[in-house]
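So this one's final.pdb, PDB, C-alpha atoms, pLDDT in the B column:
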```pdb
ATOM      1  CA  MET A   1      29.707  10.148  -3.623  1.00 83.00           C
ATOM      2  CA  GLN A   2      27.262   7.329  -4.475  1.00 89.00           C
ATOM      3  CA  ASP A   3      26.101   7.342  -0.842  1.00 90.00           C
ATOM      4  CA  LYS A   4      25.359  11.067  -1.056  1.00 91.00           C
ATOM      5  CA  PHE A   5      23.424  10.578  -4.306  1.00 93.00           C
ATOM      6  CA  ASP A   6      21.415   7.755  -2.711  1.00 94.00           C
ATOM      7  CA  LEU A   7      20.660  10.009   0.255  1.00 93.00           C
ATOM      8  CA  GLY A   8      19.562  12.751  -2.141  1.00 94.00           C
ATOM      9  CA  ILE A   9      17.187  10.381  -3.929  1.00 94.00           C
ATOM     10  CA  TRP A  10      15.735   9.279  -0.608  1.00 94.00           C
ATOM     11  CA  HIS A  11      15.197  12.889   0.507  1.00 93.00           C
ATOM     12  CA  CYS A  12      13.472  13.746  -2.779  1.00 93.00           C
ATOM     13  CA  LEU A  13      11.073  10.853  -2.251  1.00 93.00           C
ATOM     14  CA  PHE A  14      10.636  11.647   1.444  1.00 91.00           C
ATOM     15  CA  ASN A  15       9.654  15.230   0.549  1.00 90.00           C
ATOM     16  CA  TRP A  16       7.210  14.232  -2.198  1.00 92.00           C
ATOM     17  CA  THR A  17       3.792  14.953  -0.681  1.00 91.00           C
ATOM     18  CA  THR A  18       1.979  12.426  -2.880  1.00 92.00           C
ATOM     19  CA  LEU A  19       4.232   9.564  -1.807  1.00 93.00           C
ATOM     20  CA  THR A  20       4.120  10.785   1.788  1.00 91.00           C
ATOM     21  CA  ALA A  21       0.303  10.634   1.722  1.00 92.00           C
ATOM     22  CA  ALA A  22       0.495   7.094   0.330  1.00 92.00           C
ATOM     23  CA  VAL A  23       2.929   6.059   3.078  1.00 93.00           C
ATOM     24  CA  LYS A  24       1.004   7.754   5.912  1.00 92.00           C
ATOM     25  CA  ASN A  25      -2.275   6.188   4.798  1.00 93.00           C
ATOM     26  CA  GLN A  26      -0.597   2.824   4.191  1.00 93.00           C
ATOM     27  CA  TRP A  27      -1.936   2.552   0.656  1.00 93.00           C
ATOM     28  CA  GLY A  28       0.902   0.122   0.065  1.00 92.00           C
ATOM     29  CA  GLY A  29       0.033  -1.916   3.144  1.00 93.00           C
ATOM     30  CA  PRO A  30       1.788  -2.003   6.503  1.00 93.00           C
ATOM     31  CA  ASP A  31       5.204  -1.923   4.828  1.00 94.00           C
ATOM     32  CA  SER A  32       4.505   1.292   2.875  1.00 92.00           C
ATOM     33  CA  SER A  33       7.508   3.047   4.402  1.00 92.00           C
ATOM     34  CA  GLU A  34       9.827   0.201   3.407  1.00 95.00           C
ATOM     35  CA  LYS A  35       8.460   0.409  -0.137  1.00 94.00           C
ATOM     36  CA  ARG A  36       9.543   4.057  -0.282  1.00 94.00           C
ATOM     37  CA  ASP A  37      13.055   3.023   0.761  1.00 94.00           C
ATOM     38  CA  TRP A  38      12.974   0.230  -1.829  1.00 95.00           C
ATOM     39  CA  LEU A  39      11.933   2.758  -4.513  1.00 95.00           C
ATOM     40  CA  ALA A  40      14.921   4.957  -3.642  1.00 95.00           C
ATOM     41  CA  GLY A  41      17.168   1.922  -4.125  1.00 95.00           C
ATOM     42  CA  GLN A  42      15.506   1.085  -7.447  1.00 96.00           C
ATOM     43  CA  ILE A  43      16.095   4.613  -8.758  1.00 95.00           C
ATOM     44  CA  SER A  44      19.728   4.438  -7.664  1.00 95.00           C
ATOM     45  CA  GLU A  45      20.111   1.081  -9.456  1.00 95.00           C
ATOM     46  CA  LEU A  46      18.467   2.530 -12.559  1.00 95.00           C
ATOM     47  CA  PHE A  47      21.211   5.158 -12.778  1.00 94.00           C
ATOM     48  CA  ALA A  48      23.940   2.603 -12.013  1.00 94.00           C
ATOM     49  CA  ASN A  49      22.709   0.165 -14.688  1.00 94.00           C
ATOM     50  CA  GLU A  50      21.677   2.768 -17.280  1.00 93.00           C
ATOM     51  CA  PRO A  51      24.014   5.790 -17.169  1.00 90.00           C
ATOM     52  CA  LEU A  52      21.946   7.548 -19.851  1.00 93.00           C
ATOM     53  CA  THR A  53      18.851   7.575 -17.612  1.00 93.00           C
ATOM     54  CA  ASP A  54      16.970  10.842 -17.998  1.00 95.00           C
ATOM     55  CA  SER A  55      14.223  12.662 -16.157  1.00 94.00           C
ATOM     56  CA  GLU A  56      11.494  10.948 -18.156  1.00 95.00           C
ATOM     57  CA  ASP A  57      12.798   7.493 -17.191  1.00 95.00           C
ATOM     58  CA  VAL A  58      12.620   8.485 -13.524  1.00 95.00           C
ATOM     59  CA  GLU A  59       9.085   9.876 -13.961  1.00 95.00           C
ATOM     60  CA  VAL A  60       7.919   6.614 -15.520  1.00 95.00           C
ATOM     61  CA  MET A  61       9.413   4.605 -12.666  1.00 96.00           C
ATOM     62  CA  LEU A  62       7.821   6.880 -10.056  1.00 95.00           C
ATOM     63  CA  LEU A  63       4.391   6.615 -11.653  1.00 95.00           C
ATOM     64  CA  GLN A  64       4.662   2.872 -12.171  1.00 95.00           C
ATOM     65  CA  VAL A  65       5.711   2.148  -8.596  1.00 94.00           C
ATOM     66  CA  LEU A  66       3.025   4.396  -7.122  1.00 94.00           C
ATOM     67  CA  GLU A  67       0.378   2.640  -9.168  1.00 94.00           C
ATOM     68  CA  ASP A  68       1.689  -0.905  -8.663  1.00 94.00           C
ATOM     69  CA  GLU A  69       2.770  -0.717  -5.032  1.00 94.00           C
ATOM     70  CA  TYR A  70       0.400   1.886  -3.571  1.00 93.00           C
ATOM     71  CA  GLY A  71      -2.614   1.650  -5.881  1.00 93.00           C
ATOM     72  CA  CYS A  72      -2.265   5.373  -6.530  1.00 90.00           C
ATOM     73  CA  ARG A  73      -2.520   7.002  -9.938  1.00 91.00           C
ATOM     74  CA  VAL A  74      -0.761  10.372  -9.960  1.00 88.00           C
ATOM     75  CA  GLU A  75      -2.367  12.957 -12.223  1.00 89.00           C
ATOM     76  CA  ASP A  76      -1.030  16.203 -10.742  1.00 90.00           C
ATOM     77  CA  GLU A  77       2.357  15.937 -12.494  1.00 92.00           C
ATOM     78  CA  THR A  78       4.273  16.206  -9.198  1.00 93.00           C
ATOM     79  CA  GLU A  79       6.439  13.319 -10.362  1.00 94.00           C
ATOM     80  CA  VAL A  80       7.958  15.708 -12.922  1.00 95.00           C
ATOM     81  CA  GLU A  81       9.353  17.955 -10.185  1.00 95.00           C
ATOM     82  CA  VAL A  82      10.624  14.985  -8.164  1.00 94.00           C
ATOM     83  CA  ALA A  83      12.411  13.577 -11.232  1.00 95.00           C
ATOM     84  CA  ARG A  84      13.918  16.986 -12.024  1.00 95.00           C
ATOM     85  CA  ASN A  85      15.158  17.319  -8.449  1.00 94.00           C
ATOM     86  CA  ILE A  86      16.776  13.886  -8.633  1.00 95.00           C
ATOM     87  CA  MET A  87      18.435  14.804 -11.933  1.00 95.00           C
ATOM     88  CA  ALA A  88      19.701  18.097 -10.461  1.00 94.00           C
ATOM     89  CA  ILE A  89      21.148  16.252  -7.461  1.00 95.00           C
ATOM     90  CA  ARG A  90      22.812  13.750  -9.788  1.00 95.00           C
ATOM     91  CA  LYS A  91      24.437  16.600 -11.744  1.00 95.00           C
ATOM     92  CA  GLU A  92      25.605  18.312  -8.543  1.00 94.00           C
ATOM     93  CA  VAL A  93      27.074  15.103  -7.138  1.00 93.00           C
ATOM     94  CA  SER A  94      28.932  14.447 -10.396  1.00 93.00           C
ATOM     95  CA  GLU A  95      30.497  17.905  -9.960  1.00 94.00           C
ATOM     96  CA  GLY A  96      31.443  17.139  -6.353  1.00 93.00           C
ATOM     97  CA  ASN A  97      28.773  19.458  -4.934  1.00 92.00           C
ATOM     98  CA  THR A  98      26.554  18.176  -2.096  1.00 90.00           C
ATOM     99  CA  ALA A  99      24.983  21.494  -1.011  1.00 91.00           C
ATOM    100  CA  THR A 100      21.423  20.547  -2.038  1.00 90.00           C
ATOM    101  CA  ILE A 101      21.633  17.151  -0.352  1.00 91.00           C
ATOM    102  CA  ASP A 102      23.061  18.717   2.794  1.00 90.00           C
ATOM    103  CA  ALA A 103      20.235  21.300   2.824  1.00 89.00           C
ATOM    104  CA  LEU A 104      17.596  18.570   2.366  1.00 87.00           C
ATOM    105  CA  HIS A 105      19.164  16.568   5.168  1.00 88.00           C
ATOM    106  CA  LYS A 106      19.166  19.568   7.525  1.00 88.00           C
ATOM    107  CA  LYS A 107      15.504  20.225   6.666  1.00 84.00           C
ATOM    108  CA  TRP A 108      14.706  16.596   7.471  1.00 83.00           C
ATOM    109  CA  GLU A 109      16.610  16.763  10.771  1.00 85.00           C
ATOM    110  CA  SER A 110      14.786  19.985  11.731  1.00 85.00           C
ATOM    111  CA  ARG A 111      11.509  18.054  11.415  1.00 75.00           C
ATOM    112  CA  HIS A 112      13.043  15.330  13.619  1.00 67.00           C
ATOM    113  CA  GLY A 113      12.680  12.815  10.830  1.00 63.00           C
ATOM    114  CA  LYS A 114       8.948  13.398  10.454  1.00 62.00           C
ATOM    115  CA  GLU A 115       7.331  13.464   7.045  1.00 59.00           C
ATOM    116  CA  MET A 116       6.206  16.760   5.649  1.00 54.00           C
ATOM    117  CA  ALA A 117       2.550  17.778   5.726  1.00 53.00           C
ATOM    118  CA  THR A 118       0.391  16.447   2.927  1.00 52.00           C
ATOM    119  CA  GLY A 119      -2.319  19.084   2.988  1.00 49.00           C
ATOM    120  CA  ASP A 120      -2.169  19.797  -0.740  1.00 49.00           C
ATOM    121  CA  VAL A 121      -2.578  16.217  -1.981  1.00 49.00           C
ATOM    122  CA  VAL A 122      -5.931  15.691  -3.668  1.00 49.00           C
ATOM    123  CA  VAL A 123      -7.250  12.162  -3.464  1.00 51.00           C
ATOM    124  CA  ARG A 124      -9.937  11.056  -5.879  1.00 52.00           C
ATOM    125  CA  GLU A 125     -11.391   7.640  -5.257  1.00 48.00           C
ATOM    126  CA  SER A 126     -12.387   5.597  -8.240  1.00 47.00           C
ATOM    127  CA  ASN A 127     -13.654   2.091  -8.576  1.00 47.00           C
ATOM    128  CA  GLN A 128     -12.315   1.152 -11.971  1.00 47.00           C
ATOM    129  CA  GLU A 129     -13.054  -2.557 -11.618  1.00 49.00           C
ATOM    130  CA  ALA A 130     -16.795  -1.928 -11.552  1.00 46.00           C
ATOM    131  CA  GLU A 131     -16.876   0.353 -14.592  1.00 47.00           C
ATOM    132  CA  TRP A 132     -17.485  -2.441 -17.067  1.00 43.00           C
ATOM    133  CA  ASP A 133     -20.845  -3.441 -15.612  1.00 47.00           C
ATOM    134  CA  SER A 134     -22.080  -0.182 -14.181  1.00 46.00           C
ATOM    135  CA  VAL A 135     -25.507   1.105 -15.089  1.00 48.00           C
ATOM    136  CA  ASP A 136     -25.651   4.293 -17.119  1.00 48.00           C
ATOM    137  CA  GLU A 137     -26.246   6.753 -14.298  1.00 50.00           C
ATOM    138  CA  GLU A 138     -26.833   9.685 -16.619  1.00 52.00           C
ATOM    139  CA  SER A 139     -30.226   8.303 -17.634  1.00 52.00           C
ATOM    140  CA  ASP A 140     -33.044   9.564 -15.410  1.00 55.00           C
ATOM    141  CA  GLU A 141     -35.639   7.326 -17.057  1.00 59.00           C
ATOM    142  CA  ASP A 142     -37.263   4.599 -15.022  1.00 63.00           C
ATOM    143  CA  VAL A 143     -36.998   1.284 -16.759  1.00 61.00           C
ATOM    144  CA  ASP A 144     -40.135  -0.884 -16.574  1.00 65.00           C
ATOM    145  CA  MET A 145     -39.297  -4.438 -15.829  1.00 65.00           C
ATOM    146  CA  ASP A 146     -41.784  -6.958 -17.193  1.00 70.00           C
ATOM    147  CA  ASP A 147     -43.088  -9.608 -14.853  1.00 72.00           C
ATOM    148  CA  ALA A 148     -40.948 -12.670 -14.598  1.00 69.00           C
ATOM    149  CA  PRO A 149     -42.202 -15.633 -16.623  1.00 71.00           C
ATOM    150  CA  ALA A 150     -44.392 -18.108 -14.786  1.00 71.00           C
ATOM    151  CA  LEU A 151     -42.694 -21.079 -13.231  1.00 69.00           C
ATOM    152  CA  VAL A 152     -43.105 -24.332 -15.144  1.00 68.00           C
ATOM    153  CA  PRO A 153     -43.220 -27.521 -13.112  1.00 70.00           C
ATOM    154  CA  ALA A 154     -40.265 -29.802 -13.661  1.00 65.00           C
ATOM    155  CA  LYS A 155     -41.012 -33.008 -15.491  1.00 67.00           C
ATOM    156  CA  ALA A 156     -41.467 -35.952 -13.250  1.00 66.00           C
ATOM    157  CA  ARG A 157     -38.408 -38.119 -12.924  1.00 67.00           C
ATOM    158  CA  GLU A 158     -38.352 -41.834 -12.769  1.00 67.00           C
ATOM    159  CA  PRO A 159     -37.282 -43.144  -9.398  1.00 70.00           C
ATOM    160  CA  LYS A 160     -33.611 -43.969  -9.234  1.00 72.00           C
ATOM    161  CA  PRO A 161     -33.044 -47.719  -9.410  1.00 72.00           C
ATOM    162  CA  GLU A 162     -31.471 -49.449  -6.448  1.00 79.00           C
ATOM    163  CA  PRO A 163     -27.734 -50.056  -6.948  1.00 79.00           C
ATOM    164  CA  GLU A 164     -26.653 -53.598  -7.913  1.00 83.00           C
ATOM    165  CA  ILE A 165     -24.035 -55.072  -5.622  1.00 86.00           C
ATOM    166  CA  ASP A 166     -21.840 -57.898  -6.944  1.00 86.00           C
ATOM    167  CA  GLU A 167     -20.543 -60.861  -4.905  1.00 87.00           C
ATOM    168  CA  ASP A 168     -17.367 -58.931  -3.937  1.00 87.00           C
ATOM    169  CA  GLY A 169     -19.446 -56.104  -2.419  1.00 86.00           C
ATOM    170  CA  PHE A 170     -18.814 -53.556  -5.181  1.00 86.00           C
ATOM    171  CA  GLU A 171     -21.532 -51.446  -6.727  1.00 84.00           C
ATOM    172  CA  LYS A 172     -22.110 -52.189 -10.399  1.00 81.00           C
ATOM    173  CA  VAL A 173     -21.908 -49.059 -12.594  1.00 80.00           C
ATOM    174  CA  VAL A 174     -24.736 -48.863 -15.095  1.00 72.00           C
ATOM    175  CA  SER A 175     -24.561 -46.315 -17.876  1.00 71.00           C
ATOM    176  CA  LYS A 176     -27.402 -43.815 -18.092  1.00 66.00           C
ATOM    177  CA  LYS A 177     -28.388 -45.204 -21.497  1.00 68.00           C
ATOM    178  CA  LYS A 178     -29.064 -48.686 -20.096  1.00 62.00           C
ATOM    179  CA  ARG A 179     -31.211 -47.487 -17.188  1.00 56.00           C
TER     180      ARG A 179
END
```
This structure in structure tokens:
Amino acid sequence: MQDKFDLGIWHCLFNWTTLTAAVKNQWGGPDSSEKRDWLAGQISELFANEPLTDSEDVEVMLLQVLEDEYGCRVEDETEVEVARNIMAIRKEVSEGNTATIDALHKKWESRHGKEMATGDVVVRESNQEAEWDSVDEESDEDVDMDDAPALVPAKAREPKPEPEIDEDGFEKVVSKKKR
């Protein structure tokens, strides 16, 4: 039954349009698809190691992995539905029922293993790293920049003394104070 539950988790992730968009666009790099498989394994391990895992724990893991591995912050709350589906499948499997998993598998086979369309995923680009030094764009005022201060000539330096070479051919080090 564990194999069926694992398959159910994988199908829930495979049918999640947000994750599918991340995989298709390789937001997680060239191994984005493998990361989805890895996530399914991590969720399965979470249940195996923590039997009291609830829907909220799964949501947190989904959000964390999407942000860490795919650079994607989910704000549409679709992770809630995915977590609920995983919890429902877990309950069914514990009762010996695999109807939902079998239906998901048939749906996947009917698409010939292709990911579902991602037409309803909204992507909002943001450059959070640059926020700390960005100029206040709400201000329409032109800021007058004063002229740069005039250049001041550098003070003349004394010519560098020729290095002293001792009888062994080594250069003698002279401290700056003694020059």
Which residue of A:Val173, A:Asp68, A:Val82, A:Asp166 approaches Gly29 of chain A most closely, using only C-alpha atoms: A:Asp68
Could you tell me which residues the PyMOL selection byres ((chain A and resi 35-38) around 10) grabs in this file, written as a PyMOL selection string? chain A and resi 9-10+13-14+19-20+22-23+28-34+39-44+65-66+69-70
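Relative to atom CA of Trp16 of chain A, atom CA of Gly71 of chain A is found at 16.4 Å.
Between Cys72 of chain A and the residues A:Val93, A:Met87, A:Lys24, A:Thr18, the shortest atom-to-atom distance, using only C-alpha atoms, involves A:Thr18.
Across the model, the gap from atom CA of Leu62 of chain A to atom CA of Ala88 of chain A is 16.3 Å.
Within the file as shown, the PyMOL selection byres ((chain A and resi 6) around 10) identifies Met1, Gln2, Asp3, Lys4, Phe5, Leu7, Gly8, Ile9, Trp10, His11, Cys12, Ala40, Gly41, Ile43, Ser44, Glu45, Ile86, Ile89, Arg90 and Ile101 of chain A.
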Requested write-out: C-alpha atoms of the selected residues, as a PDB file, in the coordinates of the input:
```
ATOM      1  CA  MET A   1      29.707  10.148  -3.623  1.00 83.00           C
ATOM      2  CA  GLN A   2      27.262   7.329  -4.475  1.00 89.00           C
ATOM      3  CA  ASP A   3      26.101   7.342  -0.842  1.00 90.00           C
ATOM      4  CA  LYS A   4      25.359  11.067  -1.056  1.00 91.00           C
ATOM      5  CA  PHE A   5      23.424  10.578  -4.306  1.00 93.00           C
ATOM      6  CA  LEU A   7      20.660  10.009   0.255  1.00 93.00           C
ATOM      7  CA  GLY A   8      19.562  12.751  -2.141  1.00 94.00           C
ATOM      8  CA  ILE A   9      17.187  10.381  -3.929  1.00 94.00           C
ATOM      9  CA  TRP A  10      15.735   9.279  -0.608  1.00 94.00           C
ATOM     10  CA  HIS A  11      15.197  12.889   0.507  1.00 93.00           C
ATOM     11  CA  CYS A  12      13.472  13.746  -2.779  1.00 93.00           C
ATOM     12  CA  ALA A  40      14.921   4.957  -3.642  1.00 95.00           C
ATOM     13  CA  GLY A  41      17.168   1.922  -4.125  1.00 95.00           C
ATOM     14  CA  ILE A  43      16.095   4.613  -8.758  1.00 95.00           C
ATOM     15  CA  SER A  44      19.728   4.438  -7.664  1.00 95.00           C
ATOM     16  CA  GLU A  45      20.111   1.081  -9.456  1.00 95.00           C
ATOM     17  CA  ILE A  86      16.776  13.886  -8.633  1.00 95.00           C
ATOM     18  CA  ILE A  89      21.148  16.252  -7.461  1.00 95.00           C
ATOM     19  CA  ARG A  90      22.812  13.750  -9.788  1.00 95.00           C
ATOM     20  CA  ILE A 101      21.633  17.151  -0.352  1.00 91.00           C
TER      21      ILE A 101
END
```
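The environment of Glu56 of chain A within 9 Å, counting all atoms listed in the file and disregarding residues fewer than 3 places along the same chain, consists of A:Thr53, A:Glu59, A:Val60, A:Met61, A:Val80, A:Ala83, A:Arg84.
Picture a line from atom CA of Thr17 of chain A to atom CA of Arg73 of chain A; it runs 13.7 Å.
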